[in-house]
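Structure data follow from coords.pdb (PDB, C-alpha atoms and all ligand atoms):
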```pdb
ATOM      1  CA  MET A   1     -57.204 -10.063 -63.838  1.00  0.00           C
ATOM      2  CA  SER A   2     -54.789  -7.268 -62.991  1.00  0.00           C
ATOM      3  CA  THR A   3     -55.263  -7.617 -59.244  1.00  0.00           C
ATOM      4  CA  ASP A   4     -52.864 -10.550 -58.922  1.00  0.00           C
ATOM      5  CA  LEU A   5     -50.491  -9.161 -61.544  1.00  0.00           C
ATOM      6  CA  PRO A   6     -47.805  -8.093 -59.044  1.00  0.00           C
ATOM      7  CA  GLU A   7     -47.731 -11.625 -57.561  1.00  0.00           C
ATOM      8  CA  ARG A   8     -47.616 -13.198 -61.001  1.00  0.00           C
ATOM      9  CA  LEU A   9     -44.787 -10.900 -62.050  1.00  0.00           C
ATOM     10  CA  MET A  10     -42.775 -11.792 -58.967  1.00  0.00           C
ATOM     11  CA  ALA A  11     -43.414 -15.517 -59.426  1.00  0.00           C
ATOM     12  CA  LEU A  12     -42.386 -15.327 -63.082  1.00  0.00           C
ATOM     13  CA  GLN A  13     -39.197 -13.435 -62.260  1.00  0.00           C
ATOM     14  CA  GLN A  14     -38.374 -16.104 -59.723  1.00  0.00           C
ATOM     15  CA  GLU A  15     -39.129 -18.904 -62.172  1.00  0.00           C
ATOM     16  CA  ILE A  16     -36.950 -17.246 -64.814  1.00  0.00           C
ATOM     17  CA  ARG A  17     -34.041 -16.914 -62.376  1.00  0.00           C
ATOM     18  CA  ALA A  18     -34.405 -20.541 -61.335  1.00  0.00           C
ATOM     19  CA  CYS A  19     -34.536 -21.740 -64.928  1.00  0.00           C
ATOM     20  CA  ALA A  20     -31.451 -19.696 -65.844  1.00  0.00           C
ATOM     21  CA  ALA A  21     -29.631 -21.065 -62.805  1.00  0.00           C
ATOM     22  CA  ASP A  22     -30.466 -24.616 -63.912  1.00  0.00           C
ATOM     23  CA  TRP A  23     -28.801 -23.924 -67.246  1.00  0.00           C
ATOM     24  CA  GLN A  24     -26.021 -21.864 -65.672  1.00  0.00           C
ATOM     25  CA  CYS A  25     -26.741 -18.860 -67.814  1.00  0.00           C
ATOM     26  CA  PRO A  26     -27.617 -15.269 -66.950  1.00  0.00           C
ATOM     27  CA  PRO A  27     -31.390 -14.722 -66.544  1.00  0.00           C
ATOM     28  CA  PRO A  28     -32.944 -13.090 -69.630  1.00  0.00           C
ATOM     29  CA  SER A  29     -34.911  -9.850 -69.474  1.00  0.00           C
ATOM     30  CA  LEU A  30     -38.628 -10.312 -69.170  1.00  0.00           C
ATOM     31  CA  VAL A  31     -40.240  -8.271 -71.924  1.00  0.00           C
ATOM     32  CA  ALA A  32     -43.883  -7.790 -70.956  1.00  0.00           C
ATOM     33  CA  VAL A  33     -46.020  -8.059 -74.090  1.00  0.00           C
ATOM     34  CA  SER A  34     -48.745  -5.527 -73.394  1.00  0.00           C
ATOM     35  CA  LYS A  35     -50.590  -5.570 -76.734  1.00  0.00           C
ATOM     36  CA  THR A  36     -54.370  -5.208 -76.228  1.00  0.00           C
ATOM     37  CA  GLN A  37     -53.871  -4.475 -72.518  1.00  0.00           C
ATOM     38  CA  PRO A  38     -55.548  -1.248 -71.367  1.00  0.00           C
ATOM     39  CA  SER A  39     -53.734   1.541 -69.551  1.00  0.00           C
ATOM     40  CA  GLY A  40     -55.057   0.453 -66.170  1.00  0.00           C
ATOM     41  CA  VAL A  41     -53.261  -2.865 -66.498  1.00  0.00           C
ATOM     42  CA  LEU A  42     -50.057  -1.193 -67.656  1.00  0.00           C
ATOM     43  CA  GLU A  43     -50.224   1.045 -64.609  1.00  0.00           C
ATOM     44  CA  VAL A  44     -50.371  -1.969 -62.295  1.00  0.00           C
ATOM     45  CA  ALA A  45     -47.438  -3.606 -64.075  1.00  0.00           C
ATOM     46  CA  VAL A  46     -45.329  -0.453 -63.940  1.00  0.00           C
ATOM     47  CA  ALA A  47     -46.185   0.081 -60.274  1.00  0.00           C
ATOM     48  CA  ALA A  48     -45.103  -3.514 -59.619  1.00  0.00           C
ATOM     49  CA  GLY A  49     -41.699  -2.687 -61.044  1.00  0.00           C
ATOM     50  CA  GLN A  50     -41.910  -3.948 -64.626  1.00  0.00           C
ATOM     51  CA  ARG A  51     -39.987  -1.605 -66.934  1.00  0.00           C
ATOM     52  CA  VAL A  52     -39.663  -3.344 -70.304  1.00  0.00           C
ATOM     53  CA  PHE A  53     -42.767  -3.690 -72.463  1.00  0.00           C
ATOM     54  CA  ALA A  54     -43.554  -4.694 -76.031  1.00  0.00           C
ATOM     55  CA  GLU A  55     -46.316  -3.783 -78.450  1.00  0.00           C
ATOM     56  CA  ASN A  56     -46.996  -5.225 -81.876  1.00  0.00           C
ATOM     57  CA  ARG A  57     -48.734  -2.199 -83.376  1.00  0.00           C
ATOM     58  CA  VAL A  58     -47.207   1.243 -83.782  1.00  0.00           C
ATOM     59  CA  GLN A  59     -50.562   3.011 -83.574  1.00  0.00           C
ATOM     60  CA  GLU A  60     -51.578   1.242 -80.375  1.00  0.00           C
ATOM     61  CA  ALA A  61     -48.227   2.046 -78.781  1.00  0.00           C
ATOM     62  CA  ALA A  62     -48.590   5.700 -79.775  1.00  0.00           C
ATOM     63  CA  GLN A  63     -51.909   5.840 -77.948  1.00  0.00           C
ATOM     64  CA  LYS A  64     -50.882   3.963 -74.822  1.00  0.00           C
ATOM     65  CA  TRP A  65     -47.291   4.767 -73.977  1.00  0.00           C
ATOM     66  CA  PRO A  66     -46.169   8.420 -74.342  1.00  0.00           C
ATOM     67  CA  ALA A  67     -47.996   9.518 -71.173  1.00  0.00           C
ATOM     68  CA  PHE A  68     -46.387   6.742 -69.106  1.00  0.00           C
ATOM     69  CA  ARG A  69     -42.984   7.421 -70.555  1.00  0.00           C
ATOM     70  CA  ALA A  70     -43.197  11.021 -69.434  1.00  0.00           C
ATOM     71  CA  TRP A  71     -43.610   9.793 -65.834  1.00  0.00           C
ATOM     72  CA  TYR A  72     -41.208   6.873 -65.977  1.00  0.00           C
ATOM     73  CA  PRO A  73     -38.109   7.795 -67.998  1.00  0.00           C
ATOM     74  CA  ASP A  74     -36.633   4.326 -67.381  1.00  0.00           C
ATOM     75  CA  LEU A  75     -39.414   2.529 -69.253  1.00  0.00           C
ATOM     76  CA  ARG A  76     -38.245   0.671 -72.351  1.00  0.00           C
ATOM     77  CA  LEU A  77     -40.557  -0.145 -75.231  1.00  0.00           C
ATOM     78  CA  HIS A  78     -39.997  -2.824 -77.890  1.00  0.00           C
ATOM     79  CA  LEU A  79     -41.796  -3.179 -81.213  1.00  0.00           C
ATOM     80  CA  ILE A  80     -42.459  -6.870 -81.929  1.00  0.00           C
ATOM     81  CA  GLY A  81     -44.895  -6.600 -84.846  1.00  0.00           C
ATOM     82  CA  PRO A  82     -44.178  -5.904 -88.525  1.00  0.00           C
ATOM     83  CA  LEU A  83     -43.156  -2.306 -89.268  1.00  0.00           C
ATOM     84  CA  GLN A  84     -44.529  -0.637 -92.387  1.00  0.00           C
ATOM     85  CA  THR A  85     -42.057   1.819 -93.893  1.00  0.00           C
ATOM     86  CA  ASN A  86     -44.630   4.615 -93.721  1.00  0.00           C
ATOM     87  CA  LYS A  87     -44.781   4.174 -89.933  1.00  0.00           C
ATOM     88  CA  ALA A  88     -41.008   4.009 -89.473  1.00  0.00           C
ATOM     89  CA  ARG A  89     -40.634   7.674 -88.526  1.00  0.00           C
ATOM     90  CA  LEU A  90     -43.195   7.362 -85.735  1.00  0.00           C
ATOM     91  CA  ALA A  91     -41.749   4.020 -84.621  1.00  0.00           C
ATOM     92  CA  VAL A  92     -38.277   5.522 -84.288  1.00  0.00           C
ATOM     93  CA  GLN A  93     -39.665   8.126 -81.916  1.00  0.00           C
ATOM     94  CA  LEU A  94     -41.681   5.654 -79.846  1.00  0.00           C
ATOM     95  CA  PHE A  95     -39.532   2.561 -79.455  1.00  0.00           C
ATOM     96  CA  ASP A  96     -36.204   1.806 -77.812  1.00  0.00           C
ATOM     97  CA  VAL A  97     -35.877  -1.501 -79.642  1.00  0.00           C
ATOM     98  CA  VAL A  98     -37.387  -2.558 -82.975  1.00  0.00           C
ATOM     99  CA  GLU A  99     -37.286  -6.355 -83.065  1.00  0.00           C
ATOM    100  CA  THR A 100     -38.713  -6.744 -86.554  1.00  0.00           C
ATOM    101  CA  LEU A 101     -36.156  -5.515 -89.062  1.00  0.00           C
ATOM    102  CA  ASP A 102     -36.995  -7.920 -91.882  1.00  0.00           C
ATOM    103  CA  ARG A 103     -36.304  -6.391 -95.294  1.00  0.00           C
ATOM    104  CA  LEU A 104     -34.009  -4.107 -97.226  1.00  0.00           C
ATOM    105  CA  SER A 105     -36.618  -1.410 -97.875  1.00  0.00           C
ATOM    106  CA  LEU A 106     -37.067  -0.995 -94.118  1.00  0.00           C
ATOM    107  CA  ALA A 107     -33.302  -0.916 -93.542  1.00  0.00           C
ATOM    108  CA  GLU A 108     -33.025   1.761 -96.206  1.00  0.00           C
ATOM    109  CA  THR A 109     -35.831   3.818 -94.672  1.00  0.00           C
ATOM    110  CA  LEU A 110     -34.284   3.620 -91.202  1.00  0.00           C
ATOM    111  CA  ALA A 111     -30.887   4.659 -92.566  1.00  0.00           C
ATOM    112  CA  ARG A 112     -32.518   7.658 -94.261  1.00  0.00           C
ATOM    113  CA  LEU A 113     -34.207   8.700 -91.008  1.00  0.00           C
ATOM    114  CA  ARG A 114     -30.859   8.420 -89.216  1.00  0.00           C
ATOM    115  CA  ASP A 115     -29.198  10.529 -91.928  1.00  0.00           C
ATOM    116  CA  GLY A 116     -31.937  13.084 -91.368  1.00  0.00           C
ATOM    117  CA  GLY A 117     -30.966  13.350 -87.695  1.00  0.00           C
ATOM    118  CA  ALA A 118     -33.129  10.699 -86.003  1.00  0.00           C
ATOM    119  CA  VAL A 119     -31.628   8.632 -83.201  1.00  0.00           C
ATOM    120  CA  LEU A 120     -32.409   5.056 -84.137  1.00  0.00           C
ATOM    121  CA  PRO A 121     -33.625   2.416 -81.680  1.00  0.00           C
ATOM    122  CA  ARG A 122     -31.586  -0.730 -81.252  1.00  0.00           C
ATOM    123  CA  LEU A 123     -32.523  -3.127 -84.013  1.00  0.00           C
ATOM    124  CA  LEU A 124     -33.064  -6.863 -84.053  1.00  0.00           C
ATOM    125  CA  VAL A 125     -33.333  -8.787 -87.304  1.00  0.00           C
ATOM    126  CA  GLN A 126     -36.354 -11.083 -87.361  1.00  0.00           C
ATOM    127  CA  VAL A 127     -35.489 -14.478 -88.812  1.00  0.00           C
ATOM    128  CA  ASN A 128     -38.162 -16.750 -90.288  1.00  0.00           C
ATOM    129  CA  THR A 129     -36.476 -19.962 -89.174  1.00  0.00           C
ATOM    130  CA  GLY A 130     -39.506 -22.049 -90.144  1.00  0.00           C
ATOM    131  CA  GLU A 131     -39.495 -20.511 -93.651  1.00  0.00           C
ATOM    132  CA  GLU A 132     -43.240 -19.981 -93.338  1.00  0.00           C
ATOM    133  CA  PRO A 133     -44.675 -18.036 -96.284  1.00  0.00           C
ATOM    134  CA  GLN A 134     -47.176 -16.080 -94.171  1.00  0.00           C
ATOM    135  CA  LYS A 135     -44.590 -15.010 -91.578  1.00  0.00           C
ATOM    136  CA  SER A 136     -42.256 -12.017 -91.700  1.00  0.00           C
ATOM    137  CA  GLY A 137     -38.546 -12.315 -91.229  1.00  0.00           C
ATOM    138  CA  VAL A 138     -35.546 -13.036 -93.403  1.00  0.00           C
ATOM    139  CA  MET A 139     -34.870 -16.625 -94.413  1.00  0.00           C
ATOM    140  CA  PRO A 140     -32.104 -18.288 -92.395  1.00  0.00           C
ATOM    141  CA  LEU A 141     -29.888 -18.661 -95.482  1.00  0.00           C
ATOM    142  CA  ASP A 142     -30.270 -14.971 -96.287  1.00  0.00           C
ATOM    143  CA  ALA A 143     -29.719 -13.804 -92.696  1.00  0.00           C
ATOM    144  CA  PRO A 144     -25.900 -13.466 -92.718  1.00  0.00           C
ATOM    145  CA  GLY A 145     -25.935 -11.381 -95.922  1.00  0.00           C
ATOM    146  CA  PHE A 146     -28.835  -9.256 -94.706  1.00  0.00           C
ATOM    147  CA  ILE A 147     -27.171  -8.574 -91.357  1.00  0.00           C
ATOM    148  CA  ASP A 148     -23.956  -7.626 -93.142  1.00  0.00           C
ATOM    149  CA  VAL A 149     -25.737  -5.168 -95.460  1.00  0.00           C
ATOM    150  CA  CYS A 150     -27.663  -3.616 -92.543  1.00  0.00           C
ATOM    151  CA  ARG A 151     -24.508  -3.068 -90.552  1.00  0.00           C
ATOM    152  CA  ASN A 152     -21.952  -2.285 -93.182  1.00  0.00           C
ATOM    153  CA  ARG A 153     -23.824  -0.689 -96.071  1.00  0.00           C
ATOM    154  CA  PHE A 154     -26.440   1.121 -93.992  1.00  0.00           C
ATOM    155  CA  GLY A 155     -24.530   1.479 -90.725  1.00  0.00           C
ATOM    156  CA  LEU A 156     -27.529   0.373 -88.692  1.00  0.00           C
ATOM    157  CA  PRO A 157     -27.320  -0.479 -84.968  1.00  0.00           C
ATOM    158  CA  VAL A 158     -28.119  -4.185 -85.313  1.00  0.00           C
ATOM    159  CA  ALA A 159     -27.882  -5.705 -81.826  1.00  0.00           C
ATOM    160  CA  GLY A 160     -29.298  -9.182 -82.336  1.00  0.00           C
ATOM    161  CA  LEU A 161     -31.942 -11.510 -83.702  1.00  0.00           C
ATOM    162  CA  MET A 162     -35.575 -12.341 -83.004  1.00  0.00           C
ATOM    163  CA  VAL A 163     -37.673 -15.382 -83.888  1.00  0.00           C
ATOM    164  CA  ILE A 164     -41.255 -16.607 -83.673  1.00  0.00           C
ATOM    165  CA  PRO A 165     -41.051 -20.374 -84.284  1.00  0.00           C
ATOM    166  CA  PRO A 166     -43.776 -22.177 -86.236  1.00  0.00           C
ATOM    167  CA  ALA A 167     -46.741 -22.848 -83.942  1.00  0.00           C
ATOM    168  CA  ASP A 168     -46.943 -26.512 -84.922  1.00  0.00           C
ATOM    169  CA  GLN A 169     -43.312 -27.537 -84.356  1.00  0.00           C
ATOM    170  CA  PRO A 170     -41.101 -28.060 -81.327  1.00  0.00           C
ATOM    171  CA  PRO A 171     -39.450 -24.661 -80.778  1.00  0.00           C
ATOM    172  CA  ALA A 172     -36.003 -25.807 -79.606  1.00  0.00           C
ATOM    173  CA  PRO A 173     -34.446 -26.405 -83.069  1.00  0.00           C
ATOM    174  CA  HIS A 174     -35.585 -22.914 -84.099  1.00  0.00           C
ATOM    175  CA  PHE A 175     -34.071 -21.333 -80.999  1.00  0.00           C
ATOM    176  CA  ALA A 176     -30.855 -23.265 -81.605  1.00  0.00           C
ATOM    177  CA  LEU A 177     -30.701 -22.056 -85.214  1.00  0.00           C
ATOM    178  CA  LEU A 178     -31.269 -18.454 -84.140  1.00  0.00           C
ATOM    179  CA  ALA A 179     -28.518 -18.741 -81.536  1.00  0.00           C
ATOM    180  CA  GLN A 180     -26.137 -20.177 -84.103  1.00  0.00           C
ATOM    181  CA  LEU A 181     -26.870 -17.394 -86.616  1.00  0.00           C
ATOM    182  CA  ALA A 182     -26.302 -14.782 -83.904  1.00  0.00           C
ATOM    183  CA  ARG A 183     -23.059 -16.397 -82.819  1.00  0.00           C
ATOM    184  CA  GLU A 184     -21.758 -16.485 -86.372  1.00  0.00           C
ATOM    185  CA  ALA A 185     -22.656 -12.834 -86.883  1.00  0.00           C
ATOM    186  CA  GLY A 186     -21.191 -11.779 -83.525  1.00  0.00           C
ATOM    187  CA  LEU A 187     -24.551 -10.542 -82.229  1.00  0.00           C
ATOM    188  CA  ALA A 188     -25.275 -10.670 -78.497  1.00  0.00           C
ATOM    189  CA  THR A 189     -29.037 -10.160 -78.229  1.00  0.00           C
ATOM    190  CA  LEU A 190     -31.412 -13.094 -78.702  1.00  0.00           C
ATOM    191  CA  SER A 191     -35.132 -12.372 -78.411  1.00  0.00           C
ATOM    192  CA  MET A 192     -36.803 -15.774 -78.304  1.00  0.00           C
ATOM    193  CA  GLY A 193     -39.365 -17.541 -76.178  1.00  0.00           C
ATOM    194  CA  MET A 194     -42.997 -16.701 -75.470  1.00  0.00           C
ATOM    195  CA  SER A 195     -45.404 -17.781 -72.722  1.00  0.00           C
ATOM    196  CA  HIS A 196     -45.567 -21.427 -73.782  1.00  0.00           C
ATOM    197  CA  ASP A 197     -41.946 -22.038 -74.770  1.00  0.00           C
ATOM    198  CA  TRP A 198     -39.691 -19.662 -72.832  1.00  0.00           C
ATOM    199  CA  HIS A 199     -38.047 -22.447 -70.798  1.00  0.00           C
ATOM    200  CA  ASP A 200     -36.589 -23.916 -73.994  1.00  0.00           C
ATOM    201  CA  ALA A 201     -35.490 -20.463 -75.090  1.00  0.00           C
ATOM    202  CA  VAL A 202     -33.635 -19.844 -71.815  1.00  0.00           C
ATOM    203  CA  ALA A 203     -31.872 -23.182 -72.178  1.00  0.00           C
ATOM    204  CA  LEU A 204     -30.674 -22.126 -75.620  1.00  0.00           C
ATOM    205  CA  GLY A 205     -29.382 -18.687 -74.633  1.00  0.00           C
ATOM    206  CA  ALA A 206     -32.263 -16.204 -74.856  1.00  0.00           C
ATOM    207  CA  THR A 207     -31.344 -12.747 -73.584  1.00  0.00           C
ATOM    208  CA  HIS A 208     -34.961 -11.521 -73.876  1.00  0.00           C
ATOM    209  CA  ILE A 209     -38.159 -13.531 -73.484  1.00  0.00           C
ATOM    210  CA  ARG A 210     -41.460 -11.999 -74.607  1.00  0.00           C
ATOM    211  CA  LEU A 211     -44.292 -12.911 -72.256  1.00  0.00           C
ATOM    212  CA  GLY A 212     -47.897 -11.856 -72.736  1.00  0.00           C
ATOM    213  CA  THR A 213     -50.448 -14.346 -71.466  1.00  0.00           C
ATOM    214  CA  ALA A 214     -48.130 -15.832 -68.810  1.00  0.00           C
ATOM    215  CA  LEU A 215     -48.050 -12.411 -67.186  1.00  0.00           C
ATOM    216  CA  PHE A 216     -51.324 -10.699 -68.064  1.00  0.00           C
ATOM    217  CA  GLY A 217     -53.597 -13.697 -68.623  1.00  0.00           C
ATOM    218  CA  PRO A 218     -55.524 -14.420 -71.835  1.00  0.00           C
ATOM    219  CA  ARG A 219     -55.951 -11.520 -74.245  1.00  0.00           C
ATOM    220  CA  GLN A 220     -59.337 -10.267 -75.464  1.00  0.00           C
ATOM    221  CA  ALA A 221     -59.718 -11.016 -79.167  1.00  0.00           C
ATOM    222  CA  ALA A 222     -58.253  -7.968 -80.935  1.00  0.00           C
TER     223      ALA A 222
HETATM  224  C1  LIG B 301     -48.091 -11.658 -78.753  1.00  0.00           C
HETATM  225  C2  LIG B 301     -46.653 -11.905 -78.932  1.00  0.00           C
HETATM  226  C3  LIG B 301     -45.888 -12.463 -77.897  1.00  0.00           C
HETATM  227  C4  LIG B 301     -46.464 -12.908 -76.561  1.00  0.00           C
HETATM  228  O1  LIG B 301     -47.218 -14.045 -76.726  1.00  0.00           O
HETATM  229  P1  LIG B 301     -47.754 -14.862 -75.419  1.00  0.00           P
HETATM  230  O2  LIG B 301     -48.013 -16.204 -75.958  1.00  0.00           O
HETATM  231  O3  LIG B 301     -48.978 -14.154 -74.972  1.00  0.00           O
HETATM  232  O4  LIG B 301     -46.676 -14.818 -74.424  1.00  0.00           O
HETATM  233  C5  LIG B 301     -44.531 -12.623 -78.113  1.00  0.00           C
HETATM  234  N1  LIG B 301     -43.951 -12.263 -79.278  1.00  0.00           N
HETATM  235  C6  LIG B 301     -44.653 -11.740 -80.293  1.00  0.00           C
HETATM  236  C7  LIG B 301     -43.950 -11.360 -81.542  1.00  0.00           C
HETATM  237  C8  LIG B 301     -46.024 -11.541 -80.158  1.00  0.00           C
HETATM  238  O5  LIG B 301     -46.718 -11.007 -81.190  1.00  0.00           O
END
```

Spit out the file's structure as structure tokens when you get a sec.
Amino acid sequence: MSTDLPERLMALQQEIRACAADWQCPPPSLVAVSKTQPSGVLEVAVAAGQRVFAENRVQEAAQKWPAFRAWYPDLRLHLIGPLQTNKARLAVQLFDVVETLDRLSLAETLARLRDGGAVLPRLLVQVNTGEEPQKSGVMPLDAPGFIDVCRNRFGLPVAGLMVIPPADQPPAPHFALLAQLAREAGLATLSMGMSHDWHDAVALGATHIRLGTALFGPRQAA
């Protein structure tokens, strides 16, 4: 699977540039979603030039990434899974971007870590645009107030928004809503689009697309 990874990475980069050119927007960063991928695969991806990766579990990232990061100081790691407050301290050390700021208790915990001297990662607020009960993220109506509290009460480095649209709906309206919320809040970073829907996300202004299977192939069941 990993043997043709360099070719796939190059083809994807090309496809992303072409898609962005079609929509006359800057190409988004390809965030390589490396959850469940073993170190050998990461090594191939890093050797092929990929520098931005994402994991959905703090523990898994802690096992896989510190050794690589020692060798490649320009690697950037995003957290794209829910963050429990009791793992926040470790997450702050491991990640450059936490894409899943989704509740006040987490905002409060991060602010406390910062007050204690921690350098916080850049933060994205996850928005539950589909208002799905089982999904994390703030409700769209609550997003402006939540963003305001994070920035102004807690002084957090909120850089943008992230969404995972409902699996059973066309994604474009969700991407459009996320873009509108970001615009209204004056936020520049838009993490939206996965392997099956990133073209739509690029058309609607994604700055980061999160690709797992399109790059690495199907995942083993976790
Ligand atoms: C797994 C995951 C992805 C990547 O999904 P693919 O369909 O494999 O591209 C993107 N975003 C989040 C939040 C994920 O958990």

Written as a JSON list (two decimals) with C-alpha atoms, in the coordinates of the input, what is the full residue list that the PyMOL selection byres (((chain A and resi 17-27) around 12) and not hetatm) yields on the file shown?
```json
[["chain", "number", "residue", "atom", "x", "y", "z"],
["A", 10, "MET", "CA", -42.78, -11.79, -58.97],
["A", 11, "ALA", "CA", -43.41, -15.52, -59.43],
["A", 12, "LEU", "CA", -42.39, -15.33, -63.08],
["A", 13, "GLN", "CA", -39.20, -13.44, -62.26],
["A", 14, "GLN", "CA", -38.37, -16.10, -59.72],
["A", 15, "GLU", "CA", -39.13, -18.90, -62.17],
["A", 16, "ILE", "CA", -36.95, -17.25, -64.81],
["A", 28, "PRO", "CA", -32.94, -13.09, -69.63],
["A", 29, "SER", "CA", -34.91, -9.85, -69.47],
["A", 30, "LEU", "CA", -38.63, -10.31, -69.17],
["A", 198, "TRP", "CA", -39.69, -19.66, -72.83],
["A", 199, "HIS", "CA", -38.05, -22.45, -70.80],
["A", 200, "ASP", "CA", -36.59, -23.92, -73.99],
["A", 201, "ALA", "CA", -35.49, -20.46, -75.09],
["A", 202, "VAL", "CA", -33.64, -19.84, -71.82],
["A", 203, "ALA", "CA", -31.87, -23.18, -72.18],
["A", 204, "LEU", "CA", -30.67, -22.13, -75.62],
["A", 205, "GLY", "CA", -29.38, -18.69, -74.63],
["A", 206, "ALA", "CA", -32.26, -16.20, -74.86],
["A", 207, "THR", "CA", -31.34, -12.75, -73.58],
["A", 208, "HIS", "CA", -34.96, -11.52, -73.88],
["A", 209, "ILE", "CA", -38.16, -13.53, -73.48]]
```

Q. If you measure from atom CA of Phe95 of chain A to atom CA of Arg76 of chain A, what distance in Å do you get, rounded to one decimal?
A.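 Separation of atom CA of Phe95 of chain A and atom CA of Arg76 of chain A: 7.5 Å.
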
Q. So which residues get picked by the PyMOL selection byres (((not hetatm)) within 7 of (chain B and resi 301)) here, written as number ranges by chain?
A. A: 33, 35, 56, 80-81, 164, 194-196, 210-214

Mind checking which residues fall within 8 Å of segment 127-130 of chain A, counting only C-alpha atoms, ignoring those fewer than 5 positions away in the same chain, and posting them as a compact mmCIF listing (two decimals) with C-alpha atoms, keeping the file's coordinate frame?
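Okay, this is what ended up in out.txt:
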```txt
# COMPACT_ATOMS: atom_id res chain seq x y z
CA ASP A 102 -36.99 -7.92 -91.88
CA LYS A 135 -44.59 -15.01 -91.58
CA SER A 136 -42.26 -12.02 -91.70
CA GLY A 137 -38.55 -12.32 -91.23
CA VAL A 138 -35.55 -13.04 -93.40
CA MET A 139 -34.87 -16.62 -94.41
CA PRO A 140 -32.10 -18.29 -92.40
CA ALA A 143 -29.72 -13.80 -92.70
CA LEU A 161 -31.94 -11.51 -83.70
CA MET A 162 -35.58 -12.34 -83.00
CA VAL A 163 -37.67 -15.38 -83.89
CA ILE A 164 -41.26 -16.61 -83.67
CA PRO A 165 -41.05 -20.37 -84.28
CA PRO A 166 -43.78 -22.18 -86.24
CA HIS A 174 -35.58 -22.91 -84.10
CA LEU A 177 -30.70 -22.06 -85.21
CA LEU A 178 -31.27 -18.45 -84.14
```

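Closest approach to Gln63 of chain A among A:Leu90, A:Ala45, A:Pro133, A:Asp96 is made by A:Leu90 (distances from only C-alpha atoms).
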
Q: Rounded to one decimal place, report the atom CA of Pro121 of chain A-atom CA of Pro171 of chain A distance in Å.
A: 27.7 Å

Distance query segment 50-53 of chain A at most 8 Å, only C-alpha atoms, self and fewer than 3 positions along chain excluded, as a PDB file with C-alpha atoms, in the coordinates of the input:
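See selection-v4.pdb below for the written result:
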```
ATOM      1  CA  LEU A   9     -44.787 -10.900 -62.050  1.00  0.00           C
ATOM      2  CA  LEU A  30     -38.628 -10.312 -69.170  1.00  0.00           C
ATOM      3  CA  VAL A  31     -40.240  -8.271 -71.924  1.00  0.00           C
ATOM      4  CA  ALA A  32     -43.883  -7.790 -70.956  1.00  0.00           C
ATOM      5  CA  VAL A  33     -46.020  -8.059 -74.090  1.00  0.00           C
ATOM      6  CA  SER A  34     -48.745  -5.527 -73.394  1.00  0.00           C
ATOM      7  CA  ALA A  45     -47.438  -3.606 -64.075  1.00  0.00           C
ATOM      8  CA  VAL A  46     -45.329  -0.453 -63.940  1.00  0.00           C
ATOM      9  CA  ALA A  47     -46.185   0.081 -60.274  1.00  0.00           C
ATOM     10  CA  ASP A  74     -36.633   4.326 -67.381  1.00  0.00           C
ATOM     11  CA  LEU A  75     -39.414   2.529 -69.253  1.00  0.00           C
ATOM     12  CA  ARG A  76     -38.245   0.671 -72.351  1.00  0.00           C
ATOM     13  CA  LEU A  77     -40.557  -0.145 -75.231  1.00  0.00           C
ATOM     14  CA  HIS A  78     -39.997  -2.824 -77.890  1.00  0.00           C
TER      15      HIS A  78
END
```

Q: Carefully work through the PyMOL selection byres (((chain A and resi 144-152) around 9) and not hetatm) for this structure and note down the residues it includes, as a VMD selection string.
A: chain A and resid 102 to 104 107 to 108 111 125 138 140 to 143 153 to 158 181 to 182 184 to 185

(Q) Show me, as a PyMOL selection string, the residues that have an atom within 6 Å of Glu99 of chain A when counting only C-alpha atoms, minus same-chain residues fewer than 4 positions from it. (A) chain A and resi 79-80+123-124

(Q) Env of Gly40 of chain A: 12 Å cut, atoms = only C-alpha atoms, seq-sep filter 6 positions within chain, self excluded. Answer as a list in words. (A)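 Result of the neighbour search: Met1, Ser2, Thr3, Leu5, Ser34, Val46, Ala47, Lys64, Trp65, Phe68 and Phe216 of chain A.
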
Residues from the last selection, C-alpha atoms, saved as a PDB file, in the frame of the given file:
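Contents of result_6.pdb, as written:
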```
ATOM      1  CA  MET A   1     -57.204 -10.063 -63.838  1.00  0.00           C
ATOM      2  CA  SER A   2     -54.789  -7.268 -62.991  1.00  0.00           C
ATOM      3  CA  THR A   3     -55.263  -7.617 -59.244  1.00  0.00           C
ATOM      4  CA  LEU A   5     -50.491  -9.161 -61.544  1.00  0.00           C
ATOM      5  CA  SER A  34     -48.745  -5.527 -73.394  1.00  0.00           C
ATOM      6  CA  VAL A  46     -45.329  -0.453 -63.940  1.00  0.00           C
ATOM      7  CA  ALA A  47     -46.185   0.081 -60.274  1.00  0.00           C
ATOM      8  CA  LYS A  64     -50.882   3.963 -74.822  1.00  0.00           C
ATOM      9  CA  TRP A  65     -47.291   4.767 -73.977  1.00  0.00           C
ATOM     10  CA  PHE A  68     -46.387   6.742 -69.106  1.00  0.00           C
ATOM     11  CA  PHE A 216     -51.324 -10.699 -68.064  1.00  0.00           C
TER      12      PHE A 216
END
```

Q. By how many Å are atom CA of Thr36 of chain A and atom CA of Leu83 of chain A apart?
A.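 Interatomic distance, atom CA of Thr36 of chain A to atom CA of Leu83 of chain A: 17.4 Å.
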
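Nearest residue to Pro170 of chain A among A:Gln59, A:Gly117, A:Gly193, A:Leu94 is A:Gly193, counting only C-alpha atoms.
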
Q.
Which residue is closest to Lys87 of chain A? Choose from A:Val58, A:Leu110, A:Phe175, A:Arg8 and count all atoms listed in the file.
A. A:Val58

Would you place a box with edges along x, y and z of the file around all atoms of segment 192-206 of chain A listed there, add 4 Å to each of its six sides, and report the centre and edge lengths in Å to one decimal, as JSON?
```
{"center_x": -37.5, "center_y": -19.8, "center_z": -74.6, "size_x": 24.2, "size_y": 16.1, "size_z": 15.5}
```

(Q) My list of candidates is A:Pro6, A:Pro82, A:Pro73, A:Pro173. Which is closest to Ala48 of chain A when distances are computed with all atoms listed in the file? (A)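 The shortest atom-to-atom distance to Ala48 of chain A comes from A:Pro6.
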